[in-house]
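K.L.:
Got a structure for you, written out below as C-alpha cells; questions coming shortly.
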Amino acid sequence: MSAVEVISEIKKLPKVQQRKVYQFVDEQLRREEDRRDNEAANRALAEPGENIPWAEARKRLGWA
C-alpha cells in the first residue's frame with residue numbers, strides 16, 4: 001500500500017480516529033528521532049579526545 005493510499009484511508013476515518021492516528025504517528029516519529037539522536041550521541045561520546053566548550057566547537061566548525 002502506498003503512502004497516498006494510506007493517507008486516503010486515514011481521511012475516510014471519523015475525525016476522532018484521524019486524530020488518534022496522527023498522534024500515534026507523531027509519537028512514533030519522535031521516538032525514532034530520539035533513537036537516532038541517542039545513537040549519534042553515543043558515537044560522539046565514544047570518539048577519543050577531550051571535550052571542548054560548545055562555543056569553541058562552533059568556532060572550529062566555522063559556525064561562529
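We name chains A, B, ... following the order of the C-alpha cells; residues begin at 1 in each chain, and ligands are numbered from 1 as shown.
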Name all residues at most 12 Å from segment 4-6 of chain A (count only C-alpha atoms; drop same-chain ones fewer than 5 positions away) and give them as a PyMOL selection string.
P.N.:
chain A and resi 11-13+18+21
K.L.:
Hey, can you spit out that residue selection with C-alpha atoms as a short mmCIF file (atom, residue, chain, number, x, y, z; two decimals), in the first residue's frame?
P.N.:
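Just written: selection-v5.cif:
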data_model
loop_
_atom_site.label_atom_id
_atom_site.label_comp_id
_atom_site.auth_asym_id
_atom_site.auth_seq_id
_atom_site.Cartn_x
_atom_site.Cartn_y
_atom_site.Cartn_z
CA LYS A 11 -9.03 10.68 5.58
CA LYS A 12 -12.04 8.33 5.44
CA LEU A 13 -11.93 7.85 9.22
CA GLN A 18 -7.92 10.57 12.48
CA VAL A 21 -3.80 8.02 14.09
#
K.L.:
State, in Å with one decimal place, the distance from atom CA of Glu9 of chain A to atom CA of Val25 of chain A.
P.N.:
14.5 Å
K.L.:
For Ala64 of chain A, find every residue with an atom within 12 Å (counting only C-alpha atoms), except residues of its own chain fewer than 6 positions away, and show them as a VMD selection string.
P.N.:
chain A and resid 54 to 58
K.L.:
Output the selection as a short mmCIF file (atom, residue, chain, number, x, y, z; two decimals), in the first residue's frame - N, CA and C atoms for each residue.
P.N.:
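Contents of the output file again-v2.cif:
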data_model
loop_
_atom_site.label_atom_id
_atom_site.label_comp_id
_atom_site.auth_asym_id
_atom_site.auth_seq_id
_atom_site.Cartn_x
_atom_site.Cartn_y
_atom_site.Cartn_z
N TRP A 54 31.05 24.28 23.83
CA TRP A 54 30.27 24.40 22.61
C TRP A 54 30.71 25.62 21.80
N ALA A 55 31.01 26.71 22.46
CA ALA A 55 31.44 27.92 21.75
C ALA A 55 32.71 27.64 20.95
N GLU A 56 33.63 26.87 21.52
CA GLU A 56 34.87 26.52 20.82
C GLU A 56 34.58 25.59 19.64
N ALA A 57 33.69 24.63 19.84
CA ALA A 57 33.33 23.71 18.76
C ALA A 57 32.73 24.49 17.59
N ARG A 58 31.85 25.43 17.88
CA ARG A 58 31.24 26.25 16.83
C ARG A 58 32.31 27.03 16.08
#
K.L.:
From a backbone DSSP assignment, name each residue in chain A labelled helix (DSSP H, G or I), as JSON, numbers by chain.
P.N.:
{"A": [3, 4, 5, 6, 7, 8, 9, 10, 11, 15, 16, 17, 18, 19, 20, 21, 22, 23, 24, 25, 26, 27, 28, 29, 30, 31, 32, 33, 34, 35, 36, 37, 38, 39, 40, 41, 42, 43, 44, 45, 46, 54, 55, 56, 57, 58, 59, 60, 61]}
K.L.:
State, in Å with one decimal place, the distance from atom CA of Ala3 of chain A to atom CA of Asp34 of chain A.
P.N.:
23.3 Å
